[in-house]
file model_11.txt (compact mmCIF, C-alpha atoms)
# COMPACT_ATOMS: atom_id res chain seq x y z
CA VAL A 1 15.34 37.95 16.65
CA GLN A 2 11.56 38.24 16.44
CA LEU A 3 9.41 35.72 14.63
CA GLN A 4 5.86 36.23 13.38
CA ALA A 5 3.83 33.24 12.22
CA SER A 6 0.78 33.70 10.03
CA GLY A 7 -1.42 31.90 7.50
CA GLY A 8 -3.43 29.67 9.78
CA GLY A 9 -7.14 29.15 9.33
CA SER A 10 -9.98 26.67 9.14
CA VAL A 11 -10.12 24.20 6.25
CA GLN A 12 -11.73 20.92 5.31
CA ALA A 13 -9.84 17.65 5.33
CA GLY A 14 -7.85 17.20 2.14
CA GLU A 15 -7.35 20.92 1.60
CA SER A 16 -4.12 22.91 1.82
CA LEU A 17 -2.71 25.82 3.77
CA ARG A 18 0.57 27.69 3.61
CA LEU A 19 1.99 29.10 6.80
CA SER A 20 4.52 31.91 6.80
CA CYS A 21 7.14 32.85 9.36
CA ALA A 22 8.56 36.36 9.09
CA ALA A 23 11.76 37.19 10.92
CA SER A 24 13.33 40.43 11.98
CA GLY A 25 16.49 41.22 13.86
CA ARG A 26 19.79 39.33 13.67
CA THR A 27 18.84 36.71 11.15
CA SER A 28 22.27 36.62 9.53
CA SER A 29 23.47 34.16 12.14
CA TRP A 30 20.57 31.74 11.79
CA ASN A 31 21.38 28.09 11.36
CA HIS A 32 18.01 26.39 11.54
CA VAL A 33 14.38 27.43 11.38
CA ALA A 34 11.66 24.99 12.33
CA TRP A 35 7.94 24.53 12.71
CA PHE A 36 6.41 22.84 15.73
CA ARG A 37 2.78 22.34 16.61
CA GLN A 38 0.74 21.83 19.73
CA ALA A 39 -2.73 20.36 19.86
CA PRO A 40 -5.01 20.89 22.88
CA GLY A 41 -3.95 18.68 25.74
CA LYS A 42 -0.86 17.43 23.93
CA GLU A 43 2.82 18.19 24.04
CA ARG A 44 4.46 20.40 21.45
CA GLU A 45 5.48 18.29 18.46
CA PHE A 46 8.17 18.67 15.83
CA VAL A 47 6.85 19.32 12.31
CA ALA A 48 9.74 20.35 10.05
CA THR A 49 13.08 22.09 10.07
CA ILE A 50 15.26 23.69 7.43
CA ARG A 51 18.94 24.55 7.53
CA TRP A 52 19.36 28.15 6.55
CA ARG A 53 22.61 27.96 4.60
CA ASP A 54 21.67 25.16 2.21
CA GLY A 55 17.98 24.41 2.60
CA ARG A 56 18.42 20.90 3.91
CA ALA A 57 15.10 19.88 5.45
CA ALA A 58 13.77 17.23 7.80
CA TYR A 59 10.20 16.33 8.73
CA GLY A 60 8.24 14.70 11.48
CA GLY A 61 7.00 11.24 10.60
CA SER A 62 3.31 11.94 10.01
CA MET A 63 4.07 15.10 8.04
CA ARG A 64 6.55 13.60 5.60
CA GLY A 65 5.20 13.64 2.08
CA ARG A 66 2.38 16.07 2.89
CA PHE A 67 4.23 19.10 4.26
CA THR A 68 7.02 21.07 2.62
CA ILE A 69 9.23 23.60 4.38
CA SER A 70 10.96 26.25 2.32
CA LYS A 71 12.72 29.57 2.78
CA ASP A 72 13.39 32.86 1.12
CA ASN A 73 16.72 34.18 2.33
CA ALA A 74 16.25 37.61 0.78
CA LYS A 75 12.95 38.15 2.57
CA ASN A 76 13.90 36.38 5.81
CA MET A 77 10.84 34.22 5.39
CA VAL A 78 10.18 30.55 6.04
CA TYR A 79 7.10 28.78 4.73
CA LEU A 80 5.27 25.58 5.54
CA GLN A 81 3.14 24.25 2.71
CA MET A 82 0.63 21.80 4.15
CA ASP A 83 -1.25 19.58 1.72
CA SER A 84 -3.77 16.77 2.24
CA LEU A 85 -4.60 18.13 5.66
CA LYS A 86 -6.21 15.82 8.19
CA PRO A 87 -8.26 16.58 11.31
CA GLU A 88 -5.32 15.37 13.41
CA ASP A 89 -3.25 18.24 11.98
CA THR A 90 -5.38 20.64 14.01
CA ALA A 91 -3.06 22.55 16.32
CA VAL A 92 -1.35 25.84 16.99
CA TYR A 93 1.71 26.01 14.75
CA TYR A 94 4.84 27.79 15.93
CA CYS A 95 7.98 28.78 14.08
CA ALA A 96 11.29 28.80 15.88
CA SER A 97 14.89 29.55 15.07
CA THR A 98 18.33 28.94 16.44
CA GLN A 99 21.86 30.14 15.85
CA GLY A 100 23.28 26.81 16.96
CA THR A 101 24.90 24.29 14.66
CA LEU A 102 22.75 21.20 14.94
CA SER A 103 22.71 17.67 13.68
CA THR A 104 19.56 16.51 11.94
CA VAL A 105 18.39 14.77 15.11
CA GLN A 106 19.14 17.76 17.31
CA ALA A 107 17.23 20.01 14.94
CA THR A 108 14.01 18.12 15.72
CA ARG A 109 14.15 18.96 19.42
CA ILE A 110 12.24 21.79 21.06
CA GLY A 111 15.11 22.65 23.37
CA ALA A 112 17.43 23.37 20.44
CA TYR A 113 15.54 26.54 19.52
CA SER A 114 16.04 29.87 21.23
CA TYR A 115 13.56 32.09 19.44
CA TRP A 116 9.85 31.43 19.07
CA GLY A 117 6.96 33.10 17.31
CA GLN A 118 3.51 33.48 18.81
CA GLY A 119 1.79 30.68 16.92
CA THR A 120 -0.99 30.48 14.36
CA GLN A 121 -4.08 28.28 14.67
CA VAL A 122 -4.81 25.60 12.08
CA THR A 123 -8.16 23.83 12.28
CA VAL A 124 -9.01 20.95 9.97
CA SER A 125 -12.53 19.59 9.97
CA SER A 126 -13.68 16.28 8.57

call {"tool": "encode", "arguments": {"input": "model_11.txt", "output": "structure tokens"}}
result
Amino acid sequence: VQLQASGGGSVQAGESLRLSCAASGRTSSWNHVAWFRQAPGKEREFVATIRWRDGRAAYGGSMRGRFTISKDNAKNMVYLQMDSLKPEDTAVYYCASTQGTLSTVQATRIGAYSYWGQGTQVTVSS
């Protein structure tokens, strides 16, 4: 499985961006696809995850209510709609996937994901 993240850019605080994650390869066995982010000097952080078969989603605490993860099964695409962006959302955003069957808590963990995209930079200025 190969993942390609795109859609990052530079925006002002309060604006929106939509990130895309395109997948190729053996996506038929996906169970979860997630977004993580990593700011300079910080550890990689969970953003959102979606269960492929039914669209059940979960979000990191500071993203809940502002970010929305969605998917398009036919196109093998996962999206992250980010609204009301804040300077603290500045980071490189990565999409990741796994074939494993995960609980909601497990699906928030970096180690649960086997496949990773290259990341896309999001910069939010005040």

call {"tool": "residues_around", "arguments": {"input": "model_11.txt", "residues": "Ala23 in chain A", "least_positions_apart": "5", "cutoff": "7 Å", "atoms": "all atoms listed in the file", "output": "list in words"}}
result
Val1, Gln2, Leu3, Gln4, Asn76 and Met77 of chain A

call {"tool": "closest_residue", "arguments": {"input": "model_11.txt", "among": "A:Ser103, A:Ala22, A:Asn31, A:Ala48", "to": "Gly61 in chain A", "atoms": "only C-alpha atoms"}}
result
A:Ala48

call {"tool": "residues_around", "arguments": {"input": "model_11.txt", "residues": "Thr123 in chain A", "least_positions_apart": "4", "cutoff": "12 Å", "atoms": "only C-alpha atoms", "output": "ChimeraX atom specification"}}
result
/A:7-13,15-17,37-40,85-93

call {"tool": "closest_residue", "arguments": {"input": "model_11.txt", "among": "A:Ser70, A:Arg64, A:Leu80, A:Val47", "to": "Ile110 in chain A", "atoms": "all atoms listed in the file"}}
result
A:Val47

call {"tool": "atom_distance", "arguments": {"input": "model_11.txt", "atom1": "CA of Ala58 in chain A", "atom2": "CA of Ser125 in chain A"}}
result
26.5 Å

call {"tool": "axis_aligned_box", "arguments": {"input": "model_11.txt", "around": "range 93-111 of chain A", "padding_each_side": "6 Å", "output": "JSON"}}
result
{"center_x": 13.3, "center_y": 22.5, "center_z": 17.7, "size_x": 35.2, "size_y": 27.4, "size_z": 23.4}

call {"tool": "decode", "arguments": {"input": "model_11.txt", "residues": "range 48-59 of chain A", "atoms": "all heavy atoms", "output": "short mmCIF file (atom, residue, chain, number, x, y, z; two decimals), in the first residue's frame"}}
result
data_model
loop_
_atom_site.label_atom_id
_atom_site.label_comp_id
_atom_site.auth_asym_id
_atom_site.auth_seq_id
_atom_site.Cartn_x
_atom_site.Cartn_y
_atom_site.Cartn_z
N ALA A 48 -6.94 12.24 13.73
CA ALA A 48 -8.26 11.64 13.46
C ALA A 48 -8.06 10.28 12.81
O ALA A 48 -7.04 10.02 12.18
CB ALA A 48 -9.10 12.52 12.55
N THR A 49 -9.06 9.42 12.98
CA THR A 49 -9.03 8.12 12.34
C THR A 49 -10.44 7.77 11.87
O THR A 49 -11.42 8.25 12.44
CB THR A 49 -8.50 7.04 13.30
OG1 THR A 49 -8.35 5.80 12.59
CG2 THR A 49 -9.43 6.82 14.48
N ILE A 50 -10.51 6.96 10.84
CA ILE A 50 -11.80 6.53 10.32
C ILE A 50 -11.74 5.04 10.01
O ILE A 50 -10.74 4.54 9.47
CB ILE A 50 -12.20 7.36 9.07
CG1 ILE A 50 -13.65 7.07 8.67
CG2 ILE A 50 -11.25 7.12 7.91
CD1 ILE A 50 -14.21 8.11 7.70
N ARG A 51 -12.79 4.33 10.38
CA ARG A 51 -12.85 2.91 10.11
C ARG A 51 -13.41 2.73 8.70
O ARG A 51 -14.46 3.27 8.36
CB ARG A 51 -13.74 2.20 11.14
CG ARG A 51 -13.65 0.69 11.09
CD ARG A 51 -14.13 0.06 12.38
NE ARG A 51 -15.52 0.34 12.66
CZ ARG A 51 -16.12 -0.02 13.80
NH1 ARG A 51 -15.43 -0.64 14.74
NH2 ARG A 51 -17.39 0.27 14.00
N TRP A 52 -12.69 1.96 7.90
CA TRP A 52 -12.99 1.91 6.49
C TRP A 52 -14.35 1.30 6.19
O TRP A 52 -15.06 1.76 5.29
CB TRP A 52 -11.89 1.12 5.77
CG TRP A 52 -11.87 1.34 4.30
CD1 TRP A 52 -12.19 0.42 3.34
CD2 TRP A 52 -11.51 2.54 3.62
NE1 TRP A 52 -12.06 1.00 2.09
CE2 TRP A 52 -11.65 2.29 2.24
CE3 TRP A 52 -11.11 3.80 4.04
CZ2 TRP A 52 -11.36 3.26 1.28
CZ3 TRP A 52 -10.85 4.76 3.08
CH2 TRP A 52 -10.97 4.49 1.72
N ARG A 53 -14.76 0.30 6.93
CA ARG A 53 -15.97 -0.42 6.53
C ARG A 53 -17.25 0.35 6.84
O ARG A 53 -18.26 0.18 6.15
CB ARG A 53 -16.02 -1.79 7.19
CG ARG A 53 -16.06 -1.78 8.71
CD ARG A 53 -16.11 -3.22 9.24
NE ARG A 53 -15.94 -3.29 10.68
CZ ARG A 53 -16.92 -3.17 11.55
NH1 ARG A 53 -18.16 -2.95 11.12
NH2 ARG A 53 -16.67 -3.25 12.84
N ASP A 54 -17.22 1.22 7.87
CA ASP A 54 -18.47 1.88 8.22
C ASP A 54 -18.33 3.37 8.49
O ASP A 54 -19.32 4.03 8.82
CB ASP A 54 -19.12 1.21 9.44
CG ASP A 54 -18.23 1.27 10.68
OD1 ASP A 54 -17.18 1.94 10.65
OD2 ASP A 54 -18.60 0.61 11.68
N GLY A 55 -17.13 3.90 8.34
CA GLY A 55 -16.95 5.34 8.49
C GLY A 55 -16.92 5.85 9.92
O GLY A 55 -16.92 7.07 10.13
N ARG A 56 -16.87 4.96 10.87
CA ARG A 56 -16.82 5.42 12.26
C ARG A 56 -15.52 6.18 12.49
O ARG A 56 -14.45 5.69 12.17
CB ARG A 56 -16.90 4.24 13.22
CG ARG A 56 -16.86 4.65 14.68
CD ARG A 56 -17.10 3.47 15.60
NE ARG A 56 -17.05 3.87 17.00
CZ ARG A 56 -17.32 3.06 18.01
NH1 ARG A 56 -17.68 1.82 17.78
NH2 ARG A 56 -17.25 3.50 19.24
N ALA A 57 -15.62 7.36 13.08
CA ALA A 57 -14.47 8.26 13.22
C ALA A 57 -14.19 8.58 14.68
O ALA A 57 -15.07 8.50 15.54
CB ALA A 57 -14.72 9.55 12.43
N ALA A 58 -12.95 8.94 14.93
CA ALA A 58 -12.54 9.42 16.25
C ALA A 58 -11.52 10.54 16.03
O ALA A 58 -10.80 10.55 15.03
CB ALA A 58 -11.94 8.30 17.08
N TYR A 59 -11.46 11.46 17.01
CA TYR A 59 -10.62 12.64 16.86
C TYR A 59 -9.78 12.88 18.10
O TYR A 59 -10.17 12.55 19.22
CB TYR A 59 -11.51 13.88 16.62
CG TYR A 59 -12.31 13.79 15.35
CD1 TYR A 59 -13.58 13.22 15.35
CD2 TYR A 59 -11.80 14.27 14.15
CE1 TYR A 59 -14.32 13.12 14.18
CE2 TYR A 59 -12.53 14.18 12.97
CZ TYR A 59 -13.77 13.60 13.00
OH TYR A 59 -14.50 13.50 11.84
#
